[in-house]
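Text of data.txt (compact mmCIF, N, CA and C atoms and all ligand atoms) as supplied:
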```txt
# COMPACT_ATOMS: atom_id res chain seq x y z
N MET A 225 0.85 -1.19 0.00
CA MET A 225 0.00 0.00 0.00
C MET A 225 0.89 1.25 0.00
N ILE A 226 0.56 2.17 -0.91
CA ILE A 226 1.30 3.43 -0.93
C ILE A 226 0.80 4.32 0.20
N ARG A 227 1.71 4.77 1.06
CA ARG A 227 1.31 5.62 2.18
C ARG A 227 1.78 7.04 1.95
N GLU A 228 1.18 7.95 2.71
CA GLU A 228 1.52 9.36 2.58
C GLU A 228 2.75 9.70 3.42
N LEU A 229 3.61 10.57 2.90
CA LEU A 229 4.77 11.02 3.66
C LEU A 229 4.31 11.99 4.75
N ILE A 230 4.95 11.90 5.92
CA ILE A 230 4.61 12.85 6.98
C ILE A 230 5.82 13.75 7.22
N ARG A 231 5.55 14.97 7.64
CA ARG A 231 6.64 15.93 7.87
C ARG A 231 6.61 16.48 9.29
N ASP A 232 6.03 15.71 10.19
CA ASP A 232 5.90 16.12 11.59
C ASP A 232 7.27 16.10 12.28
N GLU A 233 7.76 17.29 12.60
CA GLU A 233 9.12 17.41 13.13
C GLU A 233 9.30 16.66 14.45
N ALA A 234 8.28 16.70 15.31
CA ALA A 234 8.39 16.02 16.61
C ALA A 234 8.53 14.52 16.41
N LEU A 235 7.74 13.96 15.51
CA LEU A 235 7.81 12.52 15.27
C LEU A 235 9.13 12.13 14.60
N LEU A 236 9.57 12.96 13.65
CA LEU A 236 10.82 12.65 12.93
C LEU A 236 12.06 12.83 13.81
N SER A 237 11.91 13.55 14.93
CA SER A 237 13.04 13.80 15.83
C SER A 237 13.12 12.76 16.94
N MET A 238 12.20 11.81 16.93
CA MET A 238 12.13 10.80 17.98
C MET A 238 12.92 9.56 17.57
N PRO A 239 13.82 9.07 18.44
CA PRO A 239 14.52 7.82 18.08
C PRO A 239 13.51 6.69 17.88
N CYS A 240 13.73 5.87 16.86
CA CYS A 240 12.76 4.83 16.54
C CYS A 240 12.91 3.62 17.46
N GLU A 241 11.79 2.92 17.65
CA GLU A 241 11.80 1.67 18.42
C GLU A 241 12.37 0.56 17.54
N PRO A 242 12.94 -0.48 18.16
CA PRO A 242 13.45 -1.59 17.35
C PRO A 242 12.36 -2.17 16.46
N ALA A 243 12.74 -2.51 15.25
CA ALA A 243 11.81 -3.14 14.32
C ALA A 243 11.79 -4.64 14.59
N THR A 244 10.65 -5.27 14.30
CA THR A 244 10.50 -6.71 14.52
C THR A 244 9.95 -7.36 13.25
N ALA A 245 9.79 -8.68 13.31
CA ALA A 245 9.22 -9.41 12.17
C ALA A 245 7.78 -8.97 11.90
N GLU A 246 7.14 -8.37 12.90
CA GLU A 246 5.77 -7.85 12.73
C GLU A 246 5.72 -6.68 11.75
N ASP A 247 6.89 -6.13 11.42
CA ASP A 247 6.95 -4.98 10.52
C ASP A 247 6.99 -5.38 9.04
N ALA A 248 6.73 -6.65 8.75
CA ALA A 248 6.82 -7.13 7.36
C ALA A 248 5.90 -6.35 6.41
N GLU A 249 4.67 -6.07 6.86
CA GLU A 249 3.73 -5.35 6.01
C GLU A 249 4.20 -3.91 5.79
N LEU A 250 4.72 -3.31 6.86
CA LEU A 250 5.26 -1.95 6.77
C LEU A 250 6.45 -1.93 5.80
N ALA A 251 7.28 -2.98 5.83
CA ALA A 251 8.43 -3.07 4.92
C ALA A 251 7.95 -3.09 3.47
N ALA A 252 6.88 -3.84 3.22
CA ALA A 252 6.31 -3.90 1.86
C ALA A 252 5.76 -2.54 1.45
N ASP A 253 5.13 -1.84 2.40
CA ASP A 253 4.59 -0.50 2.11
C ASP A 253 5.72 0.50 1.83
N LEU A 254 6.83 0.35 2.55
CA LEU A 254 7.98 1.24 2.32
C LEU A 254 8.47 1.10 0.88
N ILE A 255 8.58 -0.15 0.41
CA ILE A 255 9.05 -0.40 -0.95
C ILE A 255 8.06 0.16 -1.96
N GLU A 256 6.78 -0.11 -1.72
CA GLU A 256 5.75 0.34 -2.66
C GLU A 256 5.70 1.87 -2.73
N THR A 257 5.81 2.50 -1.56
CA THR A 257 5.76 3.97 -1.51
C THR A 257 7.00 4.57 -2.16
N LEU A 258 8.18 4.00 -1.84
CA LEU A 258 9.42 4.49 -2.42
C LEU A 258 9.38 4.37 -3.95
N ALA A 259 8.90 3.24 -4.44
CA ALA A 259 8.83 3.02 -5.89
C ALA A 259 7.89 4.01 -6.58
N SER A 260 6.93 4.55 -5.83
CA SER A 260 5.95 5.48 -6.41
C SER A 260 6.48 6.91 -6.48
N LEU A 261 7.61 7.17 -5.79
CA LEU A 261 8.15 8.53 -5.71
C LEU A 261 9.20 8.76 -6.79
N GLU A 262 9.17 9.94 -7.37
CA GLU A 262 10.18 10.28 -8.36
C GLU A 262 11.43 10.80 -7.67
N ASP A 263 12.60 10.49 -8.21
CA ASP A 263 13.86 11.00 -7.67
C ASP A 263 14.06 10.68 -6.19
N ALA A 264 13.63 9.51 -5.77
CA ALA A 264 13.84 9.12 -4.38
C ALA A 264 14.55 7.78 -4.35
N GLY A 265 15.58 7.67 -3.51
CA GLY A 265 16.35 6.43 -3.44
C GLY A 265 16.20 5.69 -2.14
N CYS A 266 15.60 6.35 -1.14
CA CYS A 266 15.47 5.70 0.16
C CYS A 266 14.35 6.34 0.96
N LEU A 267 13.79 5.56 1.87
CA LEU A 267 12.63 6.01 2.65
C LEU A 267 12.59 5.26 3.99
N ALA A 268 12.50 6.04 5.08
CA ALA A 268 12.47 5.43 6.42
C ALA A 268 11.03 5.32 6.93
N ALA A 269 10.81 4.34 7.82
CA ALA A 269 9.46 4.10 8.33
C ALA A 269 8.89 5.32 9.04
N ASN A 270 9.73 6.07 9.76
CA ASN A 270 9.16 7.23 10.47
C ASN A 270 8.72 8.33 9.50
N GLN A 271 9.21 8.29 8.27
CA GLN A 271 8.73 9.25 7.27
C GLN A 271 7.31 8.90 6.80
N LEU A 272 6.87 7.68 7.16
CA LEU A 272 5.48 7.29 6.90
C LEU A 272 4.68 7.36 8.20
N GLY A 273 5.30 7.91 9.24
CA GLY A 273 4.59 8.12 10.51
C GLY A 273 4.70 6.98 11.49
N VAL A 274 5.51 5.95 11.17
CA VAL A 274 5.67 4.82 12.10
C VAL A 274 7.10 4.82 12.64
N PRO A 275 7.30 5.14 13.92
CA PRO A 275 8.66 5.26 14.46
C PRO A 275 9.31 3.92 14.80
N HIS A 276 9.47 3.08 13.80
CA HIS A 276 10.17 1.81 13.96
C HIS A 276 11.44 1.88 13.12
N ALA A 277 12.52 1.22 13.60
CA ALA A 277 13.83 1.35 12.96
C ALA A 277 13.98 0.45 11.74
N LEU A 278 13.40 0.88 10.65
CA LEU A 278 13.61 0.19 9.37
C LEU A 278 13.46 1.17 8.22
N PHE A 279 14.01 0.80 7.09
CA PHE A 279 13.91 1.66 5.90
C PHE A 279 14.06 0.82 4.64
N ALA A 280 13.67 1.41 3.53
CA ALA A 280 13.86 0.79 2.22
C ALA A 280 14.81 1.66 1.41
N TYR A 281 15.58 1.03 0.53
CA TYR A 281 16.45 1.80 -0.37
C TYR A 281 16.58 1.05 -1.69
N GLU A 282 17.02 1.79 -2.69
CA GLU A 282 17.24 1.19 -4.00
C GLU A 282 18.73 0.94 -4.15
N ASP A 283 19.12 -0.30 -4.44
CA ASP A 283 20.55 -0.59 -4.54
C ASP A 283 21.11 -0.23 -5.93
N GLU A 284 22.40 -0.48 -6.13
CA GLU A 284 23.08 -0.07 -7.38
C GLU A 284 22.46 -0.70 -8.61
N LYS A 285 21.82 -1.87 -8.40
CA LYS A 285 21.25 -2.58 -9.55
C LYS A 285 19.79 -2.23 -9.77
N GLY A 286 19.27 -1.26 -8.97
CA GLY A 286 17.89 -0.85 -9.13
C GLY A 286 16.89 -1.73 -8.39
N ALA A 287 17.40 -2.61 -7.52
CA ALA A 287 16.50 -3.46 -6.73
C ALA A 287 16.19 -2.78 -5.39
N TYR A 288 14.95 -2.94 -4.92
CA TYR A 288 14.56 -2.35 -3.64
C TYR A 288 14.88 -3.33 -2.51
N ARG A 289 15.49 -2.79 -1.46
CA ARG A 289 15.88 -3.62 -0.32
C ARG A 289 15.43 -2.95 0.97
N VAL A 290 15.26 -3.78 2.00
CA VAL A 290 14.85 -3.25 3.31
C VAL A 290 15.88 -3.65 4.35
N MET A 291 16.21 -2.70 5.23
CA MET A 291 17.09 -2.97 6.37
C MET A 291 16.33 -2.67 7.64
N LEU A 292 16.43 -3.57 8.61
CA LEU A 292 15.82 -3.35 9.91
C LEU A 292 16.93 -3.20 10.95
N ASN A 293 16.71 -2.34 11.91
CA ASN A 293 17.65 -2.12 13.02
C ASN A 293 19.09 -1.90 12.57
N PRO A 294 19.32 -0.97 11.64
CA PRO A 294 20.66 -0.74 11.12
C PRO A 294 21.56 -0.04 12.12
N LYS A 295 22.81 -0.50 12.18
CA LYS A 295 23.81 0.17 13.03
C LYS A 295 25.10 0.29 12.25
N LEU A 296 25.67 1.49 12.29
CA LEU A 296 26.94 1.73 11.62
C LEU A 296 28.05 1.11 12.47
N VAL A 297 28.79 0.14 11.92
CA VAL A 297 29.89 -0.49 12.65
C VAL A 297 31.12 0.39 12.53
N PHE A 298 31.46 0.78 11.31
CA PHE A 298 32.47 1.81 11.11
C PHE A 298 32.38 2.43 9.73
N GLY A 299 33.02 3.58 9.62
CA GLY A 299 33.02 4.27 8.34
C GLY A 299 34.42 4.77 8.02
N LEU A 300 34.75 4.77 6.73
CA LEU A 300 36.05 5.26 6.27
C LEU A 300 35.85 6.43 5.31
N GLY A 301 36.74 7.39 5.39
CA GLY A 301 36.73 8.48 4.44
C GLY A 301 35.58 9.44 4.64
N PRO A 302 35.60 10.22 5.75
CA PRO A 302 34.54 11.20 5.95
C PRO A 302 34.57 12.27 4.86
N ASN A 303 33.40 12.64 4.42
CA ASN A 303 33.27 13.51 3.27
C ASN A 303 32.06 14.43 3.50
N ARG A 304 32.24 15.73 3.29
CA ARG A 304 31.11 16.65 3.48
C ARG A 304 30.26 16.68 2.21
N VAL A 305 28.97 16.43 2.38
CA VAL A 305 28.08 16.38 1.22
C VAL A 305 26.86 17.26 1.46
N VAL A 306 26.19 17.62 0.37
CA VAL A 306 24.93 18.36 0.45
C VAL A 306 23.82 17.36 0.13
N GLU A 307 22.83 17.32 1.00
CA GLU A 307 21.75 16.34 0.84
C GLU A 307 20.38 16.99 0.87
N ALA A 308 19.47 16.37 0.16
CA ALA A 308 18.07 16.74 0.26
C ALA A 308 17.35 15.62 1.00
N CYS A 309 16.21 15.93 1.56
CA CYS A 309 15.43 14.94 2.31
C CYS A 309 13.98 15.04 1.85
N LEU A 310 13.33 13.89 1.72
CA LEU A 310 11.94 13.86 1.23
C LEU A 310 10.98 14.58 2.17
N THR A 311 11.34 14.61 3.47
CA THR A 311 10.40 15.16 4.44
C THR A 311 10.95 16.40 5.14
N ARG A 312 11.80 17.11 4.43
CA ARG A 312 12.29 18.38 4.97
C ARG A 312 12.51 19.34 3.81
N GLU A 313 12.23 20.59 4.05
CA GLU A 313 12.42 21.61 3.02
C GLU A 313 13.91 21.88 2.81
N GLY A 314 14.30 22.14 1.58
CA GLY A 314 15.66 22.59 1.29
C GLY A 314 16.71 21.50 1.40
N GLU A 315 17.97 21.95 1.39
CA GLU A 315 19.09 21.03 1.45
C GLU A 315 19.90 21.31 2.71
N SER A 316 20.69 20.32 3.13
CA SER A 316 21.56 20.55 4.27
C SER A 316 22.88 19.82 4.03
N THR A 317 23.91 20.21 4.80
CA THR A 317 25.18 19.52 4.64
C THR A 317 25.32 18.49 5.76
N ALA A 318 26.03 17.41 5.44
CA ALA A 318 26.26 16.36 6.41
C ALA A 318 27.62 15.75 6.11
N VAL A 319 28.22 15.12 7.12
CA VAL A 319 29.46 14.39 6.89
C VAL A 319 29.10 12.92 6.71
N ARG A 320 29.43 12.38 5.55
CA ARG A 320 29.13 10.97 5.25
C ARG A 320 30.43 10.25 4.90
N HIS A 321 30.51 9.00 5.32
CA HIS A 321 31.69 8.20 4.99
C HIS A 321 31.52 7.59 3.60
N ILE A 322 32.66 7.49 2.89
CA ILE A 322 32.63 6.96 1.53
C ILE A 322 32.40 5.45 1.55
N LYS A 323 32.95 4.80 2.60
CA LYS A 323 32.78 3.35 2.73
C LYS A 323 32.32 3.05 4.15
N ILE A 324 31.33 2.18 4.28
CA ILE A 324 30.82 1.85 5.62
C ILE A 324 30.60 0.36 5.78
N LYS A 325 30.60 -0.05 7.06
CA LYS A 325 30.19 -1.41 7.40
C LYS A 325 28.97 -1.28 8.30
N VAL A 326 27.92 -2.03 8.00
CA VAL A 326 26.65 -1.89 8.71
C VAL A 326 26.16 -3.25 9.23
N ASP A 327 25.70 -3.25 10.49
CA ASP A 327 24.98 -4.39 11.07
C ASP A 327 23.49 -4.12 10.91
N PHE A 328 22.75 -5.11 10.48
CA PHE A 328 21.29 -4.91 10.36
C PHE A 328 20.59 -6.26 10.37
N ASP A 329 19.26 -6.20 10.41
CA ASP A 329 18.46 -7.41 10.28
C ASP A 329 17.76 -7.36 8.92
N ALA A 330 17.62 -8.52 8.33
CA ALA A 330 16.85 -8.66 7.09
C ALA A 330 15.66 -9.56 7.39
N LEU A 331 14.58 -9.37 6.68
CA LEU A 331 13.40 -10.24 6.83
C LEU A 331 13.52 -11.36 5.81
N VAL A 332 13.65 -12.58 6.32
CA VAL A 332 13.75 -13.75 5.44
C VAL A 332 12.68 -14.75 5.85
N ASP A 333 11.73 -15.01 4.97
CA ASP A 333 10.61 -15.92 5.26
C ASP A 333 9.94 -15.58 6.59
N GLY A 334 9.72 -14.29 6.82
CA GLY A 334 9.00 -13.87 8.02
C GLY A 334 9.82 -13.82 9.29
N GLU A 335 11.12 -14.10 9.19
CA GLU A 335 11.97 -14.06 10.38
C GLU A 335 13.09 -13.04 10.20
N LEU A 336 13.58 -12.49 11.31
CA LEU A 336 14.71 -11.57 11.24
C LEU A 336 16.01 -12.35 11.19
N VAL A 337 16.85 -12.02 10.24
CA VAL A 337 18.15 -12.66 10.11
C VAL A 337 19.22 -11.58 10.18
N HIS A 338 20.19 -11.78 11.08
CA HIS A 338 21.23 -10.77 11.25
C HIS A 338 22.21 -10.77 10.08
N ARG A 339 22.59 -9.57 9.65
CA ARG A 339 23.54 -9.46 8.53
C ARG A 339 24.57 -8.40 8.85
N ARG A 340 25.74 -8.50 8.22
CA ARG A 340 26.76 -7.44 8.29
C ARG A 340 27.31 -7.28 6.88
N ARG A 341 27.21 -6.06 6.35
CA ARG A 341 27.64 -5.84 4.96
C ARG A 341 28.41 -4.54 4.83
N GLU A 342 29.19 -4.47 3.76
CA GLU A 342 29.90 -3.22 3.45
C GLU A 342 29.23 -2.54 2.27
N PHE A 343 29.23 -1.22 2.32
CA PHE A 343 28.64 -0.42 1.24
C PHE A 343 29.57 0.73 0.92
N ALA A 344 29.48 1.23 -0.30
CA ALA A 344 30.33 2.34 -0.71
C ALA A 344 29.54 3.30 -1.58
N GLY A 345 30.12 4.51 -1.73
CA GLY A 345 29.55 5.48 -2.67
C GLY A 345 28.17 5.98 -2.28
N PHE A 346 27.32 6.16 -3.29
CA PHE A 346 26.01 6.76 -3.07
C PHE A 346 25.12 5.87 -2.19
N THR A 347 25.24 4.55 -2.36
CA THR A 347 24.45 3.65 -1.51
C THR A 347 24.84 3.83 -0.05
N ALA A 348 26.14 3.94 0.22
CA ALA A 348 26.61 4.17 1.59
C ALA A 348 26.06 5.49 2.14
N GLN A 349 26.02 6.51 1.27
CA GLN A 349 25.51 7.82 1.69
C GLN A 349 24.01 7.72 2.06
N MET A 350 23.23 7.05 1.23
CA MET A 350 21.79 6.90 1.51
C MET A 350 21.58 6.14 2.81
N ILE A 351 22.35 5.08 3.01
CA ILE A 351 22.18 4.27 4.22
C ILE A 351 22.51 5.09 5.47
N GLN A 352 23.55 5.93 5.39
CA GLN A 352 23.87 6.78 6.54
C GLN A 352 22.75 7.78 6.81
N HIS A 353 22.15 8.32 5.75
CA HIS A 353 21.01 9.24 5.91
C HIS A 353 19.84 8.50 6.57
N MET A 354 19.63 7.26 6.17
CA MET A 354 18.53 6.46 6.73
C MET A 354 18.79 6.08 8.19
N ILE A 355 20.05 5.76 8.52
CA ILE A 355 20.39 5.45 9.91
C ILE A 355 20.11 6.67 10.79
N ASP A 356 20.42 7.87 10.27
CA ASP A 356 20.09 9.10 11.00
C ASP A 356 18.59 9.19 11.26
N HIS A 357 17.77 8.88 10.24
CA HIS A 357 16.31 8.92 10.44
C HIS A 357 15.91 7.93 11.54
N CYS A 358 16.47 6.72 11.50
CA CYS A 358 16.12 5.70 12.52
C CYS A 358 16.49 6.18 13.92
N ASN A 359 17.55 6.98 14.02
CA ASN A 359 17.98 7.50 15.33
C ASN A 359 17.27 8.80 15.71
N GLY A 360 16.34 9.22 14.88
CA GLY A 360 15.61 10.45 15.17
C GLY A 360 16.45 11.69 14.93
N LYS A 361 17.51 11.52 14.13
CA LYS A 361 18.34 12.68 13.81
C LYS A 361 17.72 13.39 12.61
N TYR A 362 17.28 14.58 12.86
CA TYR A 362 16.54 15.34 11.87
C TYR A 362 17.23 16.68 11.77
N ILE A 363 18.12 16.81 10.79
CA ILE A 363 19.01 17.97 10.72
C ILE A 363 18.23 19.26 10.48
ZN ZN B 1 15.68 12.21 4.96
```

Can you give me the file's structure in the form of structure tokens?
Ligand SMILES: [Zn+2]
Amino acid sequence: MIRELIRDEALLSMPCEPATAEDAELAADLIETLASLEDAGCLAANQLGVPHALFAYEDEKGAYRVMLNPKLVFGLGPNRVVEACLTREGESTAVRHIKIKVDFDALVDGELVHRRREFAGFTAQMIQHMIDHCNGKYI
């Protein structure tokens, strides 16, 4: 189901609760909503008004993926970038790492499976922006 984006600053500034396997439907809605948006590469659950720690993003091959409970393990090569956000007016600057390692959960057959992966470039930048959303960091 395509859901409406919310721009409520108080909700977006709140750290998200851990995501669970119960969030499977929300994960599907994140993908469907993200796919319906033009010029958007990632979308966090709290941007749909649900403060749970998960998000969807489009990978380098154009496939939509979901990460639950993402945590940055480490980052290399801090870089100052200008970013736009779907639920905030204008652009802002942020420091993003060029290469990152992330711990997260994936939904596999209705169960959470722990994963650890490395990402680089624009995908790494989007994931760092999404981790900020999950932490209630709203620049
Ligand atoms: Zn954003």

Which residues are near Met225 of chain A? Cut-off 9 Å, only C-alpha atoms, ignore same chain within fewer than 5 positions. Put them as a PyMOL selection string. chain A and resi 249-250+252-254+256-257

Within 6.5 Å of ligand ZN 1 (chain B), counting only N, CA and C atoms and all ligand atoms: which residues, as a list in words?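 Using only N, CA and C atoms and all ligand atoms, I find these residues within 6.5 Å of ligand ZN 1 (chain B): Ala308, Cys309, Leu310, Thr311, Arg312, His353, Met354 and His357 of chain A.
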
Could you list, as number ranges by chain, every residue within 10 Å of Ala348 of chain A, counting only C-alpha atoms and ignoring same-chain residues fewer than 6 positions away? A: 283, 299, 320-326, 342, 354

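Closest approach to Leu236 of chain A among A:Gly273, A:Gly265, A:Gly301, A:Gly345 is made by A:Gly273 (distances from only C-alpha atoms).
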
Using only C-alpha atoms, determine which residues lie at most 12 Å from Gly286 of chain A, disregarding the query and same-chain residues fewer than 5 positions distant; provide the list as a compact mmCIF listing (two decimals) with N, CA and C atoms, keeping the file's coordinate frame.
```
# COMPACT_ATOMS: atom_id res chain seq x y z
N ALA A 259 8.90 3.24 -4.44
CA ALA A 259 8.83 3.02 -5.89
C ALA A 259 7.89 4.01 -6.58
N ALA A 264 13.63 9.51 -5.77
CA ALA A 264 13.84 9.12 -4.38
C ALA A 264 14.55 7.78 -4.35
N GLY A 265 15.58 7.67 -3.51
CA GLY A 265 16.35 6.43 -3.44
C GLY A 265 16.20 5.69 -2.14
N CYS A 266 15.60 6.35 -1.14
CA CYS A 266 15.47 5.70 0.16
C CYS A 266 14.35 6.34 0.96
N TYR A 281 15.58 1.03 0.53
CA TYR A 281 16.45 1.80 -0.37
C TYR A 281 16.58 1.05 -1.69
N THR A 347 25.24 4.55 -2.36
CA THR A 347 24.45 3.65 -1.51
C THR A 347 24.84 3.83 -0.05
```

Identify which of the residues A:Leu229, A:Ala318, A:Ala330, A:Leu235 lies closest to Asn293 of chain A, counting only N, CA and C atoms when measuring atom-to-atom distances.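 Smallest separation from Asn293 of chain A among the options: A:Ala330.
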
Length of the atom CA of Leu278 of chain A to atom CA of Arg341 of chain A vector [Å]: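 Interatomic distance here is 15.9 Å.
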
Among segment 257-312 of chain A, which residues does DSSP mark as alpha helix (DSSP H) when it is run on the backbone? Keep the chain and numbering as in the structure and answer as a VMD selection string. chain A and resid 257 to 260

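Atom to atom, atom C of Ala287 of chain A and atom CA of Ile255 of chain A stand 8.7 Å apart.
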
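A cut-off of 6.5 Å from the point (12.6, 4.3, 17.8), with only N, CA and C atoms, picks out the residues Met238, Pro239, Cys240, Glu241, Pro242, Pro275, His276, Ala277 and Cys358 of chain A.
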
Let me have the centre and edge lengths of the axis-aligned box enclosing all listed atoms of segment 255-274 of chain A with 4 Å padding on every side, in Å to one decimal, as AutoDock Vina command-line options.
```
--center_x 10.5 --center_y 5.3 --center_z 2.1 --size_x 19.8 --size_y 19.4 --size_z 29.0
```

Computed interatomic separation between atom CA of Ile351 of chain A and atom CA of Leu296 of chain A (Å): 9.2 Å

Test item: write segment 226-241 of chain A with N, CA, C and O atoms as an mmCIF file, in the first residue's frame:
```cif
data_model
loop_
_atom_site.group_PDB
_atom_site.id
_atom_site.type_symbol
_atom_site.label_atom_id
_atom_site.label_comp_id
_atom_site.auth_asym_id
_atom_site.auth_seq_id
_atom_site.Cartn_x
_atom_site.Cartn_y
_atom_site.Cartn_z
ATOM 1 N N ILE A 226 0.563 2.174 -0.908
ATOM 2 C CA ILE A 226 1.302 3.435 -0.934
ATOM 3 C C ILE A 226 0.796 4.323 0.199
ATOM 4 O O ILE A 226 -0.402 4.551 0.321
ATOM 5 N N ARG A 227 1.706 4.766 1.057
ATOM 6 C CA ARG A 227 1.311 5.622 2.183
ATOM 7 C C ARG A 227 1.778 7.044 1.951
ATOM 8 O O ARG A 227 2.692 7.304 1.161
ATOM 9 N N GLU A 228 1.181 7.954 2.709
ATOM 10 C CA GLU A 228 1.524 9.362 2.584
ATOM 11 C C GLU A 228 2.753 9.698 3.424
ATOM 12 O O GLU A 228 2.916 9.179 4.532
ATOM 13 N N LEU A 229 3.613 10.573 2.899
ATOM 14 C CA LEU A 229 4.774 11.024 3.664
ATOM 15 C C LEU A 229 4.311 11.986 4.753
ATOM 16 O O LEU A 229 3.403 12.779 4.543
ATOM 17 N N ILE A 230 4.945 11.901 5.916
ATOM 18 C CA ILE A 230 4.607 12.847 6.975
ATOM 19 C C ILE A 230 5.820 13.754 7.219
ATOM 20 O O ILE A 230 6.968 13.357 6.998
ATOM 21 N N ARG A 231 5.554 14.967 7.637
ATOM 22 C CA ARG A 231 6.641 15.931 7.866
ATOM 23 C C ARG A 231 6.608 16.477 9.287
ATOM 24 O O ARG A 231 7.110 17.560 9.553
ATOM 25 N N ASP A 232 6.031 15.714 10.190
ATOM 26 C CA ASP A 232 5.903 16.121 11.589
ATOM 27 C C ASP A 232 7.271 16.095 12.277
ATOM 28 O O ASP A 232 7.849 15.031 12.489
ATOM 29 N N GLU A 233 7.765 17.292 12.602
ATOM 30 C CA GLU A 233 9.121 17.407 13.129
ATOM 31 C C GLU A 233 9.304 16.659 14.449
ATOM 32 O O GLU A 233 10.337 16.034 14.675
ATOM 33 N N ALA A 234 8.282 16.702 15.307
ATOM 34 C CA ALA A 234 8.386 16.025 16.612
ATOM 35 C C ALA A 234 8.526 14.519 16.411
ATOM 36 O O ALA A 234 9.369 13.868 17.038
ATOM 37 N N LEU A 235 7.742 13.958 15.510
ATOM 38 C CA LEU A 235 7.814 12.518 15.267
ATOM 39 C C LEU A 235 9.133 12.133 14.597
ATOM 40 O O LEU A 235 9.773 11.144 14.967
ATOM 41 N N LEU A 236 9.571 12.959 13.646
ATOM 42 C CA LEU A 236 10.816 12.650 12.926
ATOM 43 C C LEU A 236 12.057 12.834 13.810
ATOM 44 O O LEU A 236 13.121 12.320 13.486
ATOM 45 N N SER A 237 11.913 13.554 14.928
ATOM 46 C CA SER A 237 13.042 13.796 15.828
ATOM 47 C C SER A 237 13.117 12.759 16.944
ATOM 48 O O SER A 237 13.988 12.830 17.808
ATOM 49 N N MET A 238 12.200 11.809 16.932
ATOM 50 C CA MET A 238 12.128 10.802 17.981
ATOM 51 C C MET A 238 12.916 9.564 17.569
ATOM 52 O O MET A 238 12.713 9.053 16.466
ATOM 53 N N PRO A 239 13.822 9.067 18.440
ATOM 54 C CA PRO A 239 14.522 7.820 18.082
ATOM 55 C C PRO A 239 13.508 6.694 17.881
ATOM 56 O O PRO A 239 12.543 6.585 18.637
ATOM 57 N N CYS A 240 13.726 5.872 16.858
ATOM 58 C CA CYS A 240 12.763 4.826 16.539
ATOM 59 C C CYS A 240 12.911 3.616 17.462
ATOM 60 O O CYS A 240 13.996 3.306 17.934
ATOM 61 N N GLU A 241 11.791 2.922 17.655
ATOM 62 C CA GLU A 241 11.795 1.672 18.417
ATOM 63 C C GLU A 241 12.371 0.561 17.538
ATOM 64 O O GLU A 241 12.268 0.639 16.313
#
```
